[in-house]
>>> print(open('coords_14.tsv').read())   # TSV, C-alpha atoms
chain	number	residue	atom	x	y	z
A	242	MET	CA	162.81	209.51	33.69
A	243	ALA	CA	159.45	208.73	32.12
A	244	THR	CA	159.17	205.05	31.30
A	245	ARG	CA	157.66	203.49	28.24
A	246	GLU	CA	155.18	201.31	30.09
A	247	PRO	CA	155.47	197.84	28.52
A	248	LYS	CA	151.74	197.08	28.43
A	249	ALA	CA	152.17	194.43	25.74
A	250	HIS	CA	154.56	192.43	27.95
A	251	ARG	CA	153.87	190.27	30.96
A	252	PHE	CA	154.94	191.45	34.38
A	253	MET	CA	158.71	191.06	34.89
A	254	ASP	CA	159.55	190.05	31.33
A	255	LEU	CA	163.27	190.68	31.76
A	256	THR	CA	163.85	191.17	28.04
A	257	VAL	CA	162.06	194.51	28.55
A	258	PRO	CA	164.67	197.08	29.65
A	259	GLU	CA	162.47	198.65	32.34
A	260	TYR	CA	161.70	195.32	33.98
A	261	ALA	CA	165.35	194.18	33.79
A	262	TYR	CA	166.41	197.40	35.52
A	263	MET	CA	163.64	197.11	38.10
A	264	PHE	CA	164.55	193.52	38.93
A	265	GLY	CA	168.24	194.39	39.40
A	266	PHE	CA	167.29	197.23	41.72
A	267	LEU	CA	164.91	194.99	43.70
A	268	GLN	CA	167.56	192.30	44.10
A	269	ALA	CA	169.91	194.84	45.65
A	270	ASP	CA	167.53	197.10	47.57
A	271	GLY	CA	164.27	195.17	47.89
A	272	HIS	CA	163.18	193.12	50.90
A	273	LEU	CA	160.84	190.19	50.30
A	274	ARG	CA	159.08	188.96	53.44
A	275	GLN	CA	156.92	185.86	53.73
A	276	GLY	CA	154.09	185.60	56.27
A	277	THR	CA	151.64	182.85	57.17
A	278	GLY	CA	149.34	181.62	54.43
A	279	ARG	CA	149.15	184.09	51.57
A	280	LYS	CA	150.54	186.93	53.63
A	281	GLY	CA	153.80	188.66	52.86
A	282	GLN	CA	155.12	191.75	51.14
A	283	LEU	CA	157.88	193.33	49.13
A	284	ASN	CA	159.31	196.59	50.49
A	285	VAL	CA	161.74	199.01	48.91
A	286	GLU	CA	162.91	201.91	51.07
A	287	ILE	CA	165.02	204.69	49.55
A	288	SER	CA	165.63	208.38	50.17
A	289	VAL	CA	162.56	210.51	49.57
A	290	ARG	CA	164.55	212.49	47.00
A	291	ASP	CA	164.38	209.39	44.78
A	292	ILE	CA	160.64	208.82	45.21
A	293	ASP	CA	160.05	209.29	41.47
A	294	LEU	CA	161.76	205.95	40.85
A	295	LEU	CA	159.28	204.20	43.13
A	296	ARG	CA	156.44	205.83	41.23
A	297	GLU	CA	157.86	204.36	38.03
A	298	PHE	CA	157.97	200.92	39.67
A	299	GLN	CA	154.34	201.40	40.65
A	300	LYS	CA	153.40	202.20	37.05
A	301	LEU	CA	155.22	199.10	35.82
A	302	THR	CA	153.39	196.82	38.28
A	303	PRO	CA	149.88	195.63	37.31
A	304	TYR	CA	149.03	194.90	40.95
A	305	TYR	CA	147.99	197.24	43.75
A	306	SER	CA	150.94	198.79	45.59
A	307	SER	CA	151.44	201.80	47.84
A	308	ILE	CA	154.06	204.46	48.52
A	309	ARG	CA	154.42	206.22	51.86
A	310	ALA	CA	156.98	208.49	53.52
A	311	ARG	CA	158.70	207.89	56.85
A	312	THR	CA	160.83	210.26	58.95
A	313	ARG	CA	163.14	208.88	61.62
A	314	SER	CA	166.54	209.32	63.24
A	315	THR	CA	169.54	207.39	61.88
A	316	ASN	CA	173.23	207.00	62.66
A	317	PHE	CA	173.97	209.48	59.89
A	318	ALA	CA	171.33	212.17	60.42
A	319	GLU	CA	169.12	213.41	63.23
A	320	THR	CA	166.14	213.26	60.90
A	321	HIS	CA	165.95	211.30	57.67
A	322	THR	CA	162.92	211.03	55.43
A	323	SER	CA	162.58	207.98	53.25
A	324	ALA	CA	160.01	206.72	50.76
A	325	ILE	CA	158.73	203.14	51.01
A	326	TRP	CA	157.08	201.19	48.20
A	327	THR	CA	155.04	198.18	49.35
A	328	LEU	CA	153.68	195.37	47.16
A	329	CYS	CA	151.64	192.58	48.76
A	330	SER	CA	150.29	190.56	45.82
A	331	LEU	CA	151.13	186.86	46.22
A	332	GLU	CA	151.18	186.41	42.44
A	333	ALA	CA	153.67	189.24	42.01
A	334	ARG	CA	155.84	188.01	44.88
A	335	THR	CA	155.85	184.48	43.48
A	336	THR	CA	156.99	185.77	40.09
A	337	LEU	CA	159.83	187.77	41.64
A	338	ASN	CA	160.88	184.89	43.84
A	339	LYS	CA	161.05	182.44	40.92
A	340	LEU	CA	163.21	184.90	38.98
A	341	GLY	CA	165.75	185.04	41.80
A	342	LEU	CA	164.61	187.45	44.52
A	343	PRO	CA	164.86	185.36	47.71
A	344	TYR	CA	162.78	185.77	50.84
A	345	GLY	CA	164.72	187.12	53.82
A	346	ARG	CA	168.45	187.90	53.81
A	347	LYS	CA	169.85	187.65	50.31
A	348	SER	CA	173.11	189.55	49.80
A	349	LYS	CA	175.26	186.44	49.18
A	350	THR	CA	172.65	184.29	47.47
A	351	ILE	CA	171.37	186.56	44.72
A	352	ALA	CA	172.51	185.84	41.18
A	353	SER	CA	171.83	187.10	37.69
A	354	PRO	CA	168.61	185.67	36.17
A	355	THR	CA	168.68	182.28	34.49
A	356	VAL	CA	166.12	183.46	31.92
A	357	VAL	CA	166.95	185.71	28.97
A	358	PHE	CA	167.36	189.28	30.24
A	359	SER	CA	168.65	192.70	29.21
A	360	ARG	CA	172.08	192.64	30.81
A	361	ARG	CA	172.99	196.31	30.73
A	362	ASP	CA	169.64	197.37	32.18
A	363	TYR	CA	169.80	194.73	34.89
A	364	LEU	CA	173.31	195.80	35.91
A	365	ARG	CA	172.32	199.48	35.92
A	366	GLY	CA	169.63	198.58	38.44
A	367	LEU	CA	172.22	196.92	40.67
A	368	ILE	CA	174.57	199.89	40.36
A	369	ASP	CA	171.86	202.43	41.12
A	370	ALA	CA	171.10	200.48	44.30
A	371	ASP	CA	174.53	199.25	45.42
A	372	GLY	CA	177.08	201.04	43.24
A	373	SER	CA	178.61	204.44	42.68
A	374	VAL	CA	179.18	206.69	39.67
A	375	GLY	CA	181.17	209.90	39.82
A	376	PHE	CA	184.64	211.40	40.08
A	377	THR	CA	187.50	210.42	42.36
A	378	GLY	CA	189.16	212.91	44.69
A	379	LYS	CA	191.65	213.63	41.89
A	380	GLY	CA	188.88	214.32	39.40
A	381	ALA	CA	189.00	211.08	37.40
A	382	PRO	CA	185.72	209.40	36.36
A	383	PHE	CA	184.83	206.08	37.95
A	384	ILE	CA	182.03	203.55	38.30
A	385	SER	CA	181.94	200.78	40.89
A	386	LEU	CA	179.73	198.01	42.21
A	387	VAL	CA	180.00	196.48	45.68
A	388	THR	CA	178.43	193.06	46.21
A	389	ALA	CA	178.66	190.04	48.48
A	390	SER	CA	177.49	187.72	45.68
A	391	SER	CA	180.10	185.85	43.63
A	392	ALA	CA	177.55	185.37	40.83
A	393	ILE	CA	176.79	189.10	40.61
A	394	ALA	CA	180.49	189.96	40.70
A	395	SER	CA	181.10	187.57	37.78
A	396	CYS	CA	178.18	189.04	35.80
A	397	MET	CA	179.52	192.57	36.23
A	398	SER	CA	183.08	191.52	35.46
A	399	ASP	CA	182.03	189.72	32.26
A	400	PHE	CA	180.00	192.73	31.12
A	401	GLY	CA	182.87	195.13	31.83
A	402	ARG	CA	185.25	192.92	29.86
A	403	ASP	CA	182.86	192.58	26.91
A	404	VAL	CA	182.26	196.35	26.70
A	405	THR	CA	185.72	197.71	27.49
A	406	GLY	CA	188.19	194.83	27.28
A	407	ALA	CA	189.22	195.47	30.89
A	408	GLU	CA	189.68	192.40	33.09
A	409	ARG	CA	188.96	192.44	36.82
A	410	ASN	CA	190.41	190.02	39.36
A	411	LEU	CA	187.48	188.71	41.38
A	412	LYS	CA	188.69	188.62	44.97
A	413	ARG	CA	186.83	189.44	48.16
A	414	ASN	CA	188.18	192.25	50.32
A	415	ALA	CA	189.90	190.89	53.41
A	416	ARG	CA	188.25	193.53	55.60
A	417	ASP	CA	184.57	192.94	54.83
A	418	GLY	CA	184.43	189.95	52.50
A	419	LEU	CA	182.85	191.96	49.69
A	420	TYR	CA	183.71	192.28	46.02
A	421	ASN	CA	184.45	195.83	44.88
A	422	LEU	CA	184.56	196.09	41.10
A	423	LEU	CA	186.04	199.46	40.16
A	424	TYR	CA	186.53	201.01	36.72
A	425	ARG	CA	188.23	204.36	36.19
A	426	MET	CA	189.09	206.94	33.52
A	427	GLU	CA	188.41	206.00	29.87
A	428	VAL	CA	187.28	202.51	30.82
A	429	ALA	CA	184.71	204.03	33.17
A	430	GLN	CA	183.56	206.42	30.45
A	431	ARG	CA	182.92	203.58	27.99
A	432	LEU	CA	181.15	201.46	30.57
A	433	VAL	CA	178.97	204.31	31.84
A	434	ALA	CA	178.00	205.30	28.28
A	435	GLU	CA	176.79	201.74	27.67
A	436	LEU	CA	174.87	201.48	30.94
A	437	TYR	CA	173.33	204.96	31.17
A	438	TYR	CA	172.04	205.48	27.66
A	439	PRO	CA	169.53	208.25	26.74
A	440	GLY	CA	165.98	207.60	27.90
A	441	CYS	CA	166.76	204.64	30.13
A	442	LEU	CA	165.05	204.11	33.47
A	443	SER	CA	167.43	205.09	36.27
A	444	LEU	CA	167.91	207.27	39.31
A	445	GLU	CA	167.86	210.79	37.87
A	446	ARG	CA	170.70	212.06	40.06
A	447	LYS	CA	173.00	209.17	39.08
A	448	HIS	CA	172.12	209.52	35.41
A	449	ALA	CA	173.02	213.22	35.57
A	450	VAL	CA	176.41	212.38	37.06
A	451	ALA	CA	176.90	209.60	34.52
A	452	ASP	CA	176.30	212.05	31.67
A	453	SER	CA	178.93	214.43	33.08
A	454	LEU	CA	181.64	211.75	32.90
A	455	SER	CA	181.79	212.04	29.12
A	456	ASP	CA	183.30	215.54	29.40
A	457	TRP	CA	186.46	214.31	31.13
A	458	VAL	CA	189.68	214.37	29.08
A	459	ARG	CA	192.91	212.78	30.24
A	460	PRO	CA	195.28	215.57	31.37
A	461	PRO	CA	198.40	216.18	29.25
A	462	GLY	CA	201.31	214.12	30.48
A	463	MET	CA	199.18	211.47	32.21
A	464	ARG	CA	200.21	208.03	31.05
A	465	ALA	CA	197.59	206.26	28.96
A	466	ALA	CA	195.65	203.48	30.62
A	467	TYR	CA	196.72	199.90	29.91
A	468	ILE	CA	193.99	197.42	29.00
A	469	ARG	CA	194.91	193.76	29.04
A	470	ARG	CA	194.33	192.07	25.68
A	471	ARG	CA	192.88	188.56	25.95
A	472	TRP	CA	194.31	185.73	23.89
A	473	THR	CA	191.91	184.10	21.44
A	474	GLU	CA	191.90	180.52	20.19
A	475	THR	CA	192.90	181.74	16.72
A	476	GLU	CA	195.91	183.59	18.12
A	477	ASP	CA	196.93	180.52	20.14
A	478	ARG	CA	196.80	178.36	16.99
A	479	ILE	CA	198.97	180.83	15.06
A	480	LEU	CA	201.44	181.01	17.95
A	481	LEU	CA	201.74	177.21	18.14
A	482	GLU	CA	202.05	176.84	14.36
A	483	LEU	CA	204.80	179.46	14.09
A	484	ASN	CA	206.49	178.18	17.26
A	485	CYS	CA	208.57	181.37	17.32
A	486	PRO	CA	207.73	184.28	19.68
A	487	ARG	CA	209.40	186.86	17.43
A	488	ALA	CA	207.56	185.75	14.28
A	489	ALA	CA	204.27	185.48	16.19
A	490	ALA	CA	204.73	188.97	17.61
A	491	GLU	CA	204.96	190.40	14.10
A	492	ALA	CA	201.98	188.37	12.86
A	493	LEU	CA	199.73	189.11	15.83
A	494	GLY	CA	200.71	192.67	16.65
A	495	ARG	CA	201.90	191.68	20.14
A	496	THR	CA	205.20	191.97	21.98
A	497	THR	CA	207.81	189.23	21.74
A	498	ARG	CA	207.78	188.89	25.52
A	499	SER	CA	203.99	188.38	25.54
A	500	CYS	CA	204.21	185.70	22.85
A	501	ASP	CA	207.12	183.97	24.60
A	502	LEU	CA	205.20	183.81	27.89
A	503	ARG	CA	202.00	182.59	26.23
A	504	LEU	CA	203.86	179.89	24.30
A	505	TRP	CA	205.48	178.67	27.52
A	506	ARG	CA	202.08	178.51	29.26
A	507	LEU	CA	200.57	176.56	26.36
A	508	ARG	CA	203.47	174.07	26.31
A	509	THR	CA	203.42	173.51	30.08
A	510	GLY	CA	199.65	173.09	30.24
A	511	GLN	CA	199.04	176.17	32.37
A	512	VAL	CA	196.42	177.23	29.81
A	513	PRO	CA	194.47	174.81	27.61
A	514	THR	CA	195.48	174.44	23.98
A	515	PRO	CA	192.83	175.37	21.36
A	516	GLY	CA	191.87	171.75	20.74
A	517	ASP	CA	191.18	171.14	24.45
A	518	ARG	CA	188.69	173.99	24.93
>>> encode(input="coords_14.tsv", output="structure tokens")
Amino acid sequence: MATREPKAHRFMDLTVPEYAYMFGFLQADGHLRQGTGRKGQLNVEISVRDIDLLREFQKLTPYYSSIRARTRSTNFAETHTSAIWTLCSLEARTTLNKLGLPYGRKSKTIASPTVVFSRRDYLRGLIDADGSVGFTGKGAPFISLVTASSAIASCMSDFGRDVTGAERNLKRNARDGLYNLLYRMEVAQRLVAELYYPGCLSLERKHAVADSLSDWVRPPGMRAAYIRRRWTETEDRILLELNCPRAAAEALGRTTRSCDLRLWRLRTGQVPTPGDR
């Protein structure tokens, strides 16, 4: 997990993959506290088994920071040892805050950066902090991200669609009010391959699991996954010009039923016509 320290770049230049990843991770798992005057600090606390990631963050930060271990009792274990990275620099904290890392509670207010940033690296940081990669109980590969932020959910959904073609319905769970974006099987394999590429900064244990997903092969007899195909403006124009679902189906390589339904939606104004977009 050795990083290529971006010495030629300014701190938190999010076009640099390592900084984009780091910022995504901090948004999900970092805690920015503001004190009186110039006082305040950024803390990241993770399991001590992942301490190497904090050391990489320390290398990427041109300000003094410290790492310490803490052992305590939790609801899940009698003794749990964690590693804590602390950064106090006001200049560093101001930079992070301006990019979109709020002070205090932040789960619903965080959003993807408004500056140019490396999207796949940023999202990998979020997933390493608040997501999961692995195999379901039935042995199928999956990747998921849980978030309270509508903006983050939209960013992940857009990326998943762009990489795999798979659409996700953005709806909060009734039980906890969170978004749970889940991708499985071949869709998960394509998405994971794009996110966890060779040499990228990541949690080593999650990267190892991500690499293992590529070995999965759909069992014989299992029905192939269906991926919804989005309509384009060009296809809508052809459909309206032909004005015949059967002819459009042959021209566009779609089903007659799909063309018939789309034509009805265009005529009734349920979807905008190409000229109105």
>>> closest_residue(input="coords_14.tsv", among="A:Tyr344, A:Tyr363, A:Tyr304, A:Phe358", to="A:Phe266", atoms="all atoms listed in the file")
A:Tyr363
>>> closest_residue(input="coords_14.tsv", among="A:Asp456, A:Thr256, A:Val285, A:Arg274", to="A:Thr335", atoms="only C-alpha atoms")
A:Arg274
>>> closest_residue(input="coords_14.tsv", among="A:Gly440, A:Gly345, A:Gly406, A:Pro258", to="A:Gln282", atoms="only C-alpha atoms")
A:Gly345
>>> closest_residue(input="coords_14.tsv", among="A:Ile393, A:Ile308, A:Leu364, A:Leu483", to="A:Glu435", atoms="only C-alpha atoms")
A:Leu364
>>> axis_aligned_box(input="coords_14.tsv", around="stretch 342-356 of chain A", padding_each_side="5 Å", output="lines of an AutoDock Vina configuration file")
center_x = 169.0
center_y = 185.9
center_z = 42.9
size_x = 22.5
size_y = 17.3
size_z = 31.9
>>> residues_around(input="coords_14.tsv", residues="A:Tyr420", least_positions_apart="2", cutoff="7 Å", atoms="all atoms listed in the file", output="ChimeraX atom specification")
/A:387-389,394,411-414,418,422
>>> write_last_selection(input="coords_14.tsv", atoms="C-alpha atoms", output="compact mmCIF listing (two decimals), in the coordinates of the input")
# COMPACT_ATOMS: atom_id res chain seq x y z
CA VAL A 387 180.00 196.48 45.68
CA THR A 388 178.43 193.06 46.21
CA ALA A 389 178.66 190.04 48.48
CA ALA A 394 180.49 189.96 40.70
CA LEU A 411 187.48 188.71 41.38
CA LYS A 412 188.69 188.62 44.97
CA ARG A 413 186.83 189.44 48.16
CA ASN A 414 188.18 192.25 50.32
CA GLY A 418 184.43 189.95 52.50
CA LEU A 422 184.56 196.09 41.10
>>> closest_residue(input="coords_14.tsv", among="A:Gly510, A:Pro515, A:Gly375, A:Gly462", to="A:Arg478", atoms="only C-alpha atoms")
A:Pro515
>>> atom_distance(input="coords_14.tsv", atom1="atom CA of A:Ala352", atom2="atom CA of A:Thr336")
15.6 Å
>>> closest_residue(input="coords_14.tsv", among="A:Gly276, A:Gly494, A:Gly401, A:Gly516", to="A:Leu331", atoms="all atoms listed in the file")
A:Gly276
>>> residues_around(input="coords_14.tsv", residues="A:Ala489", least_positions_apart="4", cutoff="10 Å", atoms="all atoms listed in the file", output="ChimeraX atom specification")
/A:476-477,479-485,493-497,499-501,504
>>> write_last_selection(input="coords_14.tsv", atoms="C-alpha atoms", output="PDB file, in the frame of the given file")
ATOM      1  CA  GLU A 476     195.910 183.590  18.120  1.00  0.00           C
ATOM      2  CA  ASP A 477     196.930 180.520  20.140  1.00  0.00           C
ATOM      3  CA  ILE A 479     198.970 180.830  15.060  1.00  0.00           C
ATOM      4  CA  LEU A 480     201.440 181.010  17.950  1.00  0.00           C
ATOM      5  CA  LEU A 481     201.740 177.210  18.140  1.00  0.00           C
ATOM      6  CA  GLU A 482     202.050 176.840  14.360  1.00  0.00           C
ATOM      7  CA  LEU A 483     204.800 179.460  14.090  1.00  0.00           C
ATOM      8  CA  ASN A 484     206.490 178.180  17.260  1.00  0.00           C
ATOM      9  CA  CYS A 485     208.570 181.370  17.320  1.00  0.00           C
ATOM     10  CA  LEU A 493     199.730 189.110  15.830  1.00  0.00           C
ATOM     11  CA  GLY A 494     200.710 192.670  16.650  1.00  0.00           C
ATOM     12  CA  ARG A 495     201.900 191.680  20.140  1.00  0.00           C
ATOM     13  CA  THR A 496     205.200 191.970  21.980  1.00  0.00           C
ATOM     14  CA  THR A 497     207.810 189.230  21.740  1.00  0.00           C
ATOM     15  CA  SER A 499     203.990 188.380  25.540  1.00  0.00           C
ATOM     16  CA  CYS A 500     204.210 185.700  22.850  1.00  0.00           C
ATOM     17  CA  ASP A 501     207.120 183.970  24.600  1.00  0.00           C
ATOM     18  CA  LEU A 504     203.860 179.890  24.300  1.00  0.00           C
TER      19      LEU A 504
END
